[in-house]
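Q: Coordinates in protein15.cif, mmCIF, N, CA and C atoms, are listed below.
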data_target
#
loop_
_atom_site.label_atom_id
_atom_site.label_comp_id
_atom_site.auth_asym_id
_atom_site.auth_seq_id
_atom_site.Cartn_x
_atom_site.Cartn_y
_atom_site.Cartn_z
N MET E 1 5.65 14.11 -4.17
CA MET E 1 4.72 15.11 -3.68
C MET E 1 3.30 14.60 -3.93
N ASN E 2 2.49 14.64 -2.88
CA ASN E 2 1.09 14.22 -2.98
C ASN E 2 0.20 15.43 -2.77
N GLN E 3 -0.87 15.50 -3.53
CA GLN E 3 -1.78 16.63 -3.46
C GLN E 3 -3.19 16.12 -3.18
N TYR E 4 -3.89 16.78 -2.23
CA TYR E 4 -5.23 16.35 -1.84
C TYR E 4 -6.12 17.58 -1.71
N LYS E 5 -7.42 17.36 -1.94
CA LYS E 5 -8.41 18.42 -1.74
C LYS E 5 -9.45 17.89 -0.77
N TYR E 6 -9.74 18.67 0.27
CA TYR E 6 -10.70 18.27 1.29
C TYR E 6 -11.74 19.37 1.48
N THR E 7 -12.94 18.97 1.83
CA THR E 7 -13.97 19.91 2.25
C THR E 7 -14.39 19.49 3.64
N ILE E 8 -14.17 20.38 4.62
CA ILE E 8 -14.48 20.10 6.02
C ILE E 8 -15.41 21.20 6.50
N ASN E 9 -16.61 20.81 6.94
CA ASN E 9 -17.62 21.77 7.39
C ASN E 9 -17.83 22.90 6.38
N GLY E 10 -17.85 22.56 5.10
CA GLY E 10 -18.09 23.54 4.05
C GLY E 10 -16.86 24.33 3.62
N ASN E 11 -15.75 24.18 4.33
CA ASN E 11 -14.51 24.89 3.98
C ASN E 11 -13.64 23.98 3.12
N GLN E 12 -13.09 24.54 2.03
CA GLN E 12 -12.25 23.76 1.14
C GLN E 12 -10.78 23.96 1.49
N TYR E 13 -10.04 22.86 1.50
CA TYR E 13 -8.61 22.89 1.82
C TYR E 13 -7.85 22.15 0.72
N GLU E 14 -6.79 22.77 0.22
CA GLU E 14 -5.90 22.12 -0.72
C GLU E 14 -4.61 21.83 0.04
N VAL E 15 -4.29 20.55 0.18
CA VAL E 15 -3.15 20.13 0.98
C VAL E 15 -2.11 19.47 0.07
N VAL E 16 -0.87 19.93 0.17
CA VAL E 16 0.24 19.36 -0.59
C VAL E 16 1.26 18.86 0.42
N ILE E 17 1.57 17.56 0.34
CA ILE E 17 2.62 16.98 1.19
C ILE E 17 3.87 16.96 0.33
N SER E 18 4.84 17.82 0.67
CA SER E 18 6.02 17.95 -0.19
C SER E 18 7.21 17.14 0.30
N ASP E 19 7.31 16.88 1.61
CA ASP E 19 8.48 16.17 2.11
C ASP E 19 8.14 15.52 3.44
N ILE E 20 8.67 14.31 3.64
CA ILE E 20 8.56 13.64 4.93
C ILE E 20 9.96 13.15 5.27
N THR E 21 10.50 13.68 6.36
CA THR E 21 11.82 13.29 6.84
C THR E 21 11.66 12.80 8.27
N ASP E 22 12.04 11.55 8.49
CA ASP E 22 11.82 10.89 9.79
C ASP E 22 10.34 10.98 10.12
N ASN E 23 9.98 11.73 11.17
CA ASN E 23 8.57 11.83 11.52
C ASN E 23 8.06 13.27 11.36
N ILE E 24 8.75 14.09 10.54
CA ILE E 24 8.34 15.47 10.29
C ILE E 24 7.90 15.59 8.83
N ALA E 25 6.65 16.01 8.63
CA ALA E 25 6.12 16.21 7.29
C ALA E 25 6.03 17.70 7.00
N THR E 26 6.37 18.09 5.78
CA THR E 26 6.22 19.47 5.35
C THR E 26 4.95 19.54 4.49
N LEU E 27 3.97 20.29 4.97
CA LEU E 27 2.67 20.41 4.30
C LEU E 27 2.44 21.85 3.88
N THR E 28 1.73 22.03 2.80
CA THR E 28 1.25 23.34 2.42
C THR E 28 -0.27 23.24 2.37
N VAL E 29 -0.93 24.04 3.19
CA VAL E 29 -2.39 24.04 3.26
C VAL E 29 -2.88 25.40 2.79
N ASN E 30 -3.59 25.40 1.67
CA ASN E 30 -4.10 26.64 1.06
C ASN E 30 -3.00 27.69 0.95
N GLY E 31 -1.79 27.26 0.53
CA GLY E 31 -0.70 28.18 0.29
C GLY E 31 0.18 28.49 1.49
N GLU E 32 -0.18 28.02 2.67
CA GLU E 32 0.61 28.29 3.87
C GLU E 32 1.33 27.01 4.30
N GLU E 33 2.67 27.12 4.51
CA GLU E 33 3.49 25.95 4.82
C GLU E 33 3.49 25.66 6.32
N TYR E 34 3.43 24.35 6.64
CA TYR E 34 3.46 23.89 8.03
C TYR E 34 4.44 22.72 8.14
N LYS E 35 5.06 22.60 9.29
CA LYS E 35 5.85 21.42 9.64
C LYS E 35 4.99 20.64 10.64
N VAL E 36 4.72 19.38 10.34
CA VAL E 36 3.83 18.57 11.16
C VAL E 36 4.60 17.37 11.69
N GLU E 37 4.56 17.19 13.01
CA GLU E 37 5.22 16.04 13.61
C GLU E 37 4.23 14.89 13.65
N MET E 38 4.63 13.77 13.05
CA MET E 38 3.76 12.59 13.02
C MET E 38 4.18 11.65 14.14
N GLU E 39 3.23 10.88 14.61
CA GLU E 39 3.52 9.89 15.64
C GLU E 39 4.39 8.80 15.05
N LYS E 40 5.49 8.49 15.74
CA LYS E 40 6.39 7.45 15.24
C LYS E 40 5.72 6.10 15.39
N GLN E 41 5.92 5.26 14.36
CA GLN E 41 5.37 3.91 14.41
C GLN E 41 6.28 3.04 15.24
N ALA E 42 5.67 2.15 16.00
CA ALA E 42 6.45 1.21 16.80
C ALA E 42 7.22 0.29 15.88
N GLU E 43 8.43 -0.06 16.29
CA GLU E 43 9.24 -0.99 15.52
C GLU E 43 8.56 -2.35 15.53
N PRO E 44 8.39 -2.97 14.37
CA PRO E 44 7.77 -4.29 14.36
C PRO E 44 8.70 -5.31 15.01
N GLU E 45 8.10 -6.22 15.75
CA GLU E 45 8.94 -7.23 16.37
C GLU E 45 9.36 -8.25 15.33
N LYS E 46 10.58 -8.75 15.50
CA LYS E 46 11.12 -9.72 14.55
C LYS E 46 10.40 -11.04 14.75
N LYS E 47 9.94 -11.61 13.65
CA LYS E 47 9.23 -12.88 13.71
C LYS E 47 10.00 -13.93 12.93
N LYS E 48 9.88 -15.16 13.36
CA LYS E 48 10.49 -16.26 12.63
C LYS E 48 9.63 -16.56 11.41
N PRO E 49 10.25 -17.00 10.32
CA PRO E 49 9.46 -17.34 9.14
C PRO E 49 8.46 -18.46 9.45
N ILE E 50 7.30 -18.36 8.84
CA ILE E 50 6.26 -19.37 9.02
C ILE E 50 6.19 -20.19 7.74
N VAL E 51 6.28 -21.49 7.88
CA VAL E 51 6.18 -22.38 6.73
C VAL E 51 4.72 -22.80 6.62
N ARG E 52 4.12 -22.53 5.45
CA ARG E 52 2.71 -22.87 5.25
C ARG E 52 2.59 -24.22 4.59
N ALA E 53 1.53 -24.92 4.95
CA ALA E 53 1.20 -26.16 4.25
C ALA E 53 0.68 -25.80 2.88
N ALA E 54 0.84 -26.66 1.92
CA ALA E 54 0.39 -26.40 0.55
C ALA E 54 -1.10 -26.13 0.49
N SER E 55 -1.87 -26.64 1.45
CA SER E 55 -3.32 -26.47 1.43
C SER E 55 -3.77 -25.12 1.95
N GLU E 56 -2.88 -24.35 2.58
CA GLU E 56 -3.27 -23.04 3.11
C GLU E 56 -3.43 -22.05 1.97
N SER E 57 -4.38 -21.13 2.12
CA SER E 57 -4.61 -20.14 1.08
C SER E 57 -3.77 -18.90 1.34
N ALA E 58 -3.70 -18.03 0.35
CA ALA E 58 -2.91 -16.80 0.47
C ALA E 58 -3.44 -15.91 1.59
N SER E 59 -4.73 -15.97 1.88
CA SER E 59 -5.28 -15.12 2.93
C SER E 59 -4.80 -15.54 4.31
N ASP E 60 -4.34 -16.80 4.47
CA ASP E 60 -3.83 -17.27 5.74
C ASP E 60 -2.36 -16.93 5.92
N ALA E 61 -1.68 -16.59 4.84
CA ALA E 61 -0.24 -16.37 4.89
C ALA E 61 0.09 -15.03 5.51
N PRO E 62 1.21 -14.95 6.21
CA PRO E 62 1.63 -13.65 6.72
C PRO E 62 2.08 -12.77 5.57
N ALA E 63 1.85 -11.48 5.68
CA ALA E 63 2.29 -10.56 4.64
C ALA E 63 3.80 -10.39 4.74
N ALA E 64 4.44 -10.17 3.60
CA ALA E 64 5.89 -9.97 3.56
C ALA E 64 6.23 -8.65 4.24
N ASP E 65 7.43 -8.56 4.79
CA ASP E 65 7.91 -7.31 5.39
C ASP E 65 8.05 -6.28 4.28
N LYS E 66 7.24 -5.23 4.32
CA LYS E 66 7.20 -4.26 3.23
C LYS E 66 8.51 -3.53 3.04
N ALA E 67 9.31 -3.40 4.09
CA ALA E 67 10.58 -2.68 3.98
C ALA E 67 11.61 -3.50 3.21
N SER E 68 11.45 -4.82 3.16
CA SER E 68 12.49 -5.65 2.56
C SER E 68 12.18 -6.10 1.13
N VAL E 69 11.06 -5.69 0.56
CA VAL E 69 10.72 -6.14 -0.79
C VAL E 69 11.24 -5.17 -1.84
N ASN E 70 11.48 -5.68 -3.04
CA ASN E 70 11.93 -4.87 -4.17
C ASN E 70 10.71 -4.21 -4.79
N LYS E 71 10.42 -2.99 -4.38
CA LYS E 71 9.20 -2.31 -4.82
C LYS E 71 9.22 -1.93 -6.29
N ALA E 72 10.39 -1.95 -6.92
CA ALA E 72 10.47 -1.62 -8.34
C ALA E 72 9.73 -2.67 -9.17
N ASN E 73 9.62 -3.89 -8.66
CA ASN E 73 8.95 -4.97 -9.39
C ASN E 73 7.57 -5.27 -8.80
N ALA E 74 7.01 -4.36 -8.05
CA ALA E 74 5.75 -4.63 -7.36
C ALA E 74 4.54 -4.13 -8.14
N VAL E 75 3.44 -4.86 -8.00
CA VAL E 75 2.14 -4.36 -8.41
C VAL E 75 1.73 -3.44 -7.26
N LYS E 76 1.43 -2.18 -7.57
CA LYS E 76 1.14 -1.19 -6.53
C LYS E 76 -0.32 -0.78 -6.57
N ALA E 77 -0.81 -0.34 -5.43
CA ALA E 77 -2.19 0.12 -5.33
C ALA E 77 -2.36 1.41 -6.14
N PRO E 78 -3.32 1.44 -7.08
CA PRO E 78 -3.52 2.65 -7.88
C PRO E 78 -4.28 3.73 -7.11
N LEU E 79 -4.94 3.35 -6.02
CA LEU E 79 -5.69 4.28 -5.19
C LEU E 79 -5.90 3.63 -3.81
N PRO E 80 -6.24 4.42 -2.80
CA PRO E 80 -6.47 3.84 -1.48
C PRO E 80 -7.67 2.90 -1.50
N GLY E 81 -7.60 1.85 -0.69
CA GLY E 81 -8.71 0.91 -0.62
C GLY E 81 -8.42 -0.21 0.36
N VAL E 82 -9.23 -1.28 0.26
CA VAL E 82 -9.11 -2.44 1.13
C VAL E 82 -8.93 -3.69 0.27
N ILE E 83 -7.98 -4.54 0.64
CA ILE E 83 -7.73 -5.78 -0.09
C ILE E 83 -8.86 -6.75 0.23
N THR E 84 -9.58 -7.21 -0.80
CA THR E 84 -10.68 -8.15 -0.59
C THR E 84 -10.35 -9.56 -1.05
N ASP E 85 -9.31 -9.71 -1.91
CA ASP E 85 -8.93 -11.05 -2.34
C ASP E 85 -7.50 -11.03 -2.85
N ILE E 86 -6.78 -12.10 -2.57
CA ILE E 86 -5.42 -12.29 -3.08
C ILE E 86 -5.48 -13.54 -3.94
N LEU E 87 -5.17 -13.39 -5.21
CA LEU E 87 -5.38 -14.46 -6.18
C LEU E 87 -4.12 -15.27 -6.49
N VAL E 88 -2.99 -14.92 -5.86
CA VAL E 88 -1.73 -15.61 -6.10
C VAL E 88 -1.04 -15.91 -4.77
N ASN E 89 -0.09 -16.84 -4.83
CA ASN E 89 0.74 -17.19 -3.68
C ASN E 89 2.20 -16.99 -4.06
N VAL E 90 3.07 -16.85 -3.06
CA VAL E 90 4.50 -16.78 -3.32
C VAL E 90 4.92 -18.05 -4.04
N GLY E 91 5.70 -17.89 -5.11
CA GLY E 91 6.15 -19.04 -5.89
C GLY E 91 5.33 -19.28 -7.14
N ASP E 92 4.13 -18.68 -7.24
CA ASP E 92 3.30 -18.85 -8.43
C ASP E 92 3.93 -18.16 -9.64
N GLU E 93 3.81 -18.77 -10.80
CA GLU E 93 4.19 -18.14 -12.06
C GLU E 93 2.96 -17.41 -12.58
N VAL E 94 3.12 -16.14 -12.95
CA VAL E 94 2.00 -15.35 -13.47
C VAL E 94 2.35 -14.80 -14.84
N GLN E 95 1.32 -14.51 -15.60
CA GLN E 95 1.48 -13.93 -16.94
C GLN E 95 1.06 -12.45 -16.88
N ALA E 96 1.65 -11.64 -17.73
CA ALA E 96 1.26 -10.24 -17.82
C ALA E 96 -0.24 -10.16 -18.09
N GLY E 97 -0.94 -9.32 -17.36
CA GLY E 97 -2.38 -9.16 -17.52
C GLY E 97 -3.22 -10.07 -16.63
N GLN E 98 -2.57 -11.00 -15.93
CA GLN E 98 -3.30 -11.91 -15.04
C GLN E 98 -3.71 -11.17 -13.76
N ASN E 99 -4.96 -11.38 -13.31
CA ASN E 99 -5.42 -10.77 -12.07
C ASN E 99 -4.66 -11.37 -10.90
N VAL E 100 -4.16 -10.49 -10.01
CA VAL E 100 -3.39 -10.96 -8.85
C VAL E 100 -4.00 -10.51 -7.52
N ILE E 101 -4.70 -9.38 -7.50
CA ILE E 101 -5.26 -8.81 -6.27
C ILE E 101 -6.61 -8.19 -6.61
N VAL E 102 -7.54 -8.25 -5.65
CA VAL E 102 -8.80 -7.51 -5.78
C VAL E 102 -8.79 -6.44 -4.68
N LEU E 103 -8.91 -5.19 -5.10
CA LEU E 103 -8.88 -4.03 -4.21
C LEU E 103 -10.24 -3.34 -4.27
N GLU E 104 -10.88 -3.20 -3.11
CA GLU E 104 -12.15 -2.48 -3.07
C GLU E 104 -11.86 -1.02 -2.75
N ALA E 105 -12.34 -0.14 -3.63
CA ALA E 105 -12.18 1.29 -3.44
C ALA E 105 -13.46 1.97 -3.90
N MET E 106 -13.95 2.87 -3.10
CA MET E 106 -15.19 3.59 -3.40
C MET E 106 -16.33 2.62 -3.73
N LYS E 107 -16.43 1.55 -2.96
CA LYS E 107 -17.49 0.54 -3.08
C LYS E 107 -17.47 -0.21 -4.40
N MET E 108 -16.30 -0.24 -5.05
CA MET E 108 -16.15 -1.00 -6.30
C MET E 108 -14.96 -1.94 -6.17
N ALA E 109 -15.14 -3.15 -6.69
CA ALA E 109 -14.05 -4.12 -6.71
C ALA E 109 -13.19 -3.84 -7.94
N ASN E 110 -11.88 -3.70 -7.72
CA ASN E 110 -10.93 -3.43 -8.80
C ASN E 110 -9.97 -4.60 -8.91
N ASN E 111 -9.95 -5.27 -10.06
CA ASN E 111 -9.01 -6.36 -10.30
C ASN E 111 -7.68 -5.74 -10.71
N LEU E 112 -6.63 -5.99 -9.94
CA LEU E 112 -5.31 -5.48 -10.26
C LEU E 112 -4.52 -6.60 -10.94
N GLN E 113 -3.86 -6.26 -12.02
CA GLN E 113 -3.21 -7.26 -12.86
C GLN E 113 -1.70 -7.15 -12.82
N ALA E 114 -1.05 -8.28 -13.09
CA ALA E 114 0.41 -8.31 -13.22
C ALA E 114 0.79 -7.48 -14.43
N GLU E 115 1.79 -6.63 -14.28
CA GLU E 115 2.24 -5.80 -15.39
C GLU E 115 3.22 -6.54 -16.28
N LYS E 116 3.80 -7.64 -15.73
CA LYS E 116 4.75 -8.43 -16.51
C LYS E 116 4.63 -9.88 -16.08
N SER E 117 5.15 -10.76 -16.90
CA SER E 117 5.18 -12.18 -16.55
C SER E 117 6.35 -12.43 -15.62
N GLY E 118 6.20 -13.42 -14.74
CA GLY E 118 7.28 -13.77 -13.84
C GLY E 118 6.80 -14.60 -12.68
N LYS E 119 7.62 -14.65 -11.65
CA LYS E 119 7.33 -15.45 -10.47
C LYS E 119 7.02 -14.53 -9.30
N VAL E 120 5.96 -14.84 -8.54
CA VAL E 120 5.60 -14.06 -7.36
C VAL E 120 6.64 -14.35 -6.28
N THR E 121 7.36 -13.30 -5.85
CA THR E 121 8.38 -13.47 -4.82
C THR E 121 7.94 -12.96 -3.46
N ALA E 122 6.87 -12.14 -3.42
CA ALA E 122 6.37 -11.65 -2.13
C ALA E 122 4.93 -11.19 -2.29
N VAL E 123 4.13 -11.47 -1.27
CA VAL E 123 2.79 -10.91 -1.14
C VAL E 123 2.87 -10.00 0.08
N CYS E 124 2.70 -8.71 -0.12
CA CYS E 124 2.96 -7.71 0.91
C CYS E 124 1.73 -7.31 1.72
N VAL E 125 0.58 -7.88 1.39
CA VAL E 125 -0.67 -7.50 2.06
C VAL E 125 -1.43 -8.75 2.46
N LYS E 126 -2.49 -8.54 3.23
CA LYS E 126 -3.38 -9.65 3.57
C LYS E 126 -4.81 -9.18 3.38
N ILE E 127 -5.72 -10.11 3.26
CA ILE E 127 -7.13 -9.79 3.04
C ILE E 127 -7.64 -8.97 4.22
N GLY E 128 -8.37 -7.89 3.90
CA GLY E 128 -8.92 -7.01 4.92
C GLY E 128 -8.02 -5.83 5.25
N GLU E 129 -6.79 -5.82 4.74
CA GLU E 129 -5.85 -4.75 5.04
C GLU E 129 -6.17 -3.51 4.21
N SER E 130 -6.11 -2.35 4.85
CA SER E 130 -6.26 -1.08 4.14
C SER E 130 -4.92 -0.68 3.56
N VAL E 131 -4.93 -0.18 2.33
CA VAL E 131 -3.69 0.25 1.67
C VAL E 131 -3.87 1.66 1.14
N MET E 132 -2.74 2.33 0.97
CA MET E 132 -2.74 3.67 0.40
C MET E 132 -2.23 3.60 -1.05
N GLU E 133 -2.45 4.66 -1.78
CA GLU E 133 -1.97 4.74 -3.16
C GLU E 133 -0.46 4.50 -3.20
N ASP E 134 0.00 3.70 -4.15
CA ASP E 134 1.40 3.37 -4.38
C ASP E 134 1.98 2.38 -3.38
N ASP E 135 1.18 1.80 -2.47
CA ASP E 135 1.68 0.75 -1.59
C ASP E 135 1.98 -0.49 -2.44
N ALA E 136 3.09 -1.16 -2.14
CA ALA E 136 3.44 -2.41 -2.83
C ALA E 136 2.48 -3.51 -2.36
N LEU E 137 1.91 -4.25 -3.29
CA LEU E 137 0.96 -5.31 -2.96
C LEU E 137 1.55 -6.71 -3.21
N VAL E 138 2.03 -6.91 -4.43
CA VAL E 138 2.59 -8.21 -4.84
C VAL E 138 3.85 -7.92 -5.64
N VAL E 139 4.94 -8.64 -5.34
CA VAL E 139 6.20 -8.46 -6.07
C VAL E 139 6.35 -9.62 -7.06
N ILE E 140 6.61 -9.25 -8.31
CA ILE E 140 6.79 -10.24 -9.38
C ILE E 140 8.17 -10.01 -9.99
N GLU E 141 9.01 -11.03 -9.92
CA GLU E 141 10.40 -10.92 -10.45
C GLU E 141 10.52 -11.77 -11.69
#
Please express the file's structure as structure tokens.

A:
Amino acid sequence: MNQYKYTINGNQYEVVISDITDNIATLTVNGEEYKVEMEKQAEPEKKKPIVRAASESASDAPAADKASVNKANAVKAPLPGVITDILVNVGDEVQAGQNVIVLEAMKMANNLQAEKSGKVTAVCVKIGESVMEDDALVVIE
């Protein structure tokens, strides 16, 4: 359940998103429940894996398919923002506390760190991509 507060034209709205099933979201706005139909996202086309040269940077790499990564082991976005730097590549060994992603939110750069030591198995974002709270960014196994 996600809870948000908005002020639109001086009016305050408290919005609670309690359930999303397929493309129908159940919202409560200022105590009144609504069913909202969301636009379905187009199915991503299947792409062949791209092999990168060792000299390519993480910003050139394609992002991992977010549906196929183990999100339990992911560094997740603590708040909505834009990815401004990716400091690791797939295959890198990282230590707990090491900076792995830079996320700009509210005009501030936030260094996101590995929560545990391990090997980077997926980078789920690319530089310039907007992310929401709890989106998987980097998977460390």

Q: List as a count of residues only the residues having at least one atom at most 5 Å from position (5.6, -8.2, -0.5) as given in the file, counting all atoms listed in the file.

A: 5

Q: Excluding same-chain residues fewer than 4 positions from stretch 86-92 of chain E, what lies within 7 Å of it counting only C-alpha atoms, as a list in words?

A: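 Here the answer would be Ala58, Ser59, Asn99, Val100, Ile101, Val102, Lys119, Val120, Thr121, Ala122, Val123 and Ile127 of chain E.
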
Q: In terms of the shortest atom-to-atom distance over only C-alpha atoms, which of E:Gln3, E:Ala74, E:Leu27, E:Lys35 is closest to E:Ala136?

A: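 With only C-alpha atoms as the atom set, the closest residue is E:Ala74.
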
Q: Report the distance between atom N of E:Asn70 and atom CA of E:Val125 in Å, rounded to one decimal place.

A: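 So the answer is 13.3 Å.
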
Q: Nearest residue to E:Ile83 out of E:Met38, E:Leu112, E:Ala96, E:Val131, using only N, CA and C atoms?

A: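 Closest candidate: E:Val131.
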
Q: Rounded to one decimal, what separation in Å do you get between atom CA of E:Val82 and atom CA of E:Asn30?

A: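 About the pair atom CA of E:Val82 and atom CA of E:Asn30: they are 29.5 Å apart.
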
Q: Do you know which residues are at most 5 Å from E:Glu133 counting all atoms listed in the file, after dropping those on the same chain fewer than 6 positions away, and could you put them as an MDAnalysis selection string?

A: chainID E and resid 77:80

Q: Take the residues just selected and output them with N, CA and C atoms as a compact mmCIF listing (two decimals), keeping the file's coordinate frame.

A:
# COMPACT_ATOMS: atom_id res chain seq x y z
N ALA E 77 -0.81 -0.34 -5.43
CA ALA E 77 -2.19 0.12 -5.33
C ALA E 77 -2.36 1.41 -6.14
N PRO E 78 -3.32 1.44 -7.08
CA PRO E 78 -3.52 2.65 -7.88
C PRO E 78 -4.28 3.73 -7.11
N LEU E 79 -4.94 3.35 -6.02
CA LEU E 79 -5.69 4.28 -5.19
C LEU E 79 -5.90 3.63 -3.81
N PRO E 80 -6.24 4.42 -2.80
CA PRO E 80 -6.47 3.84 -1.48
C PRO E 80 -7.67 2.90 -1.50

Q: Contacts of E:Val29 at 8 Å or less, counting all atoms listed in the file, minus same-chain residues fewer than 4 places along, as a list in words?

A: Tyr13, Glu14, Val15, Val16, Ile17, Glu33 and Tyr34 of chain E

Q: Could you work out an axis-aligned bounding box for all listed atoms of stretch 88-100 of chain E, with 8 Å added on each of the six sides, and give its centre and edge lengths in Å to one decimal, as lines of an AutoDock Vina configuration file?

A:
center_x = 0.4
center_y = -14.2
center_z = -10.6
size_x = 27.6
size_y = 26.1
size_z = 31.0

Q: Return as a ChimeraX atom specification the set of residues that the PyMOL selection byres (((chain E and resi 95 and name CA) around 8) and name CA) yields on the displayed structure.

A: /E:93-94,96-98,114,116-118

Q: Just give me the gap between atom CA of E:Ala105 and atom N of E:Asp135 in Å, one decimal is fine.

A: 13.4 Å

Q: Pick out the closest residue to E:Lys126 from this set: E:Thr7, E:Asp22, E:Asp85, E:Asn73. Count all atoms listed in the file.

A: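 Between E:Thr7, E:Asp22, E:Asp85, E:Asn73, the residue approaching E:Lys126 most closely is E:Asp85.
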
Q: For E:Val138, which of E:Ile24, E:Ala109, E:Ser18, E:Val75 is the closest residue, counting only C-alpha atoms?

A: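 Of the candidates, the smallest distance to E:Val138 is held by E:Val75.
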
Q: Identify which of the residues E:Glu37, E:Asn110, E:Ala72, E:Ile140 lies closest to E:Asn23, counting all atoms listed in the file when measuring atom-to-atom distances.

A: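 Using all atoms listed in the file, E:Asn23 sits closest to E:Glu37.
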
Q: Out of E:Glu141, E:Glu39, E:Glu129, E:Glu115, which residue has the shortest atom-to-atom distance to E:Gly81 when counting all atoms listed in the file?

A: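 Among the listed residues, E:Glu129 lies closest to E:Gly81.
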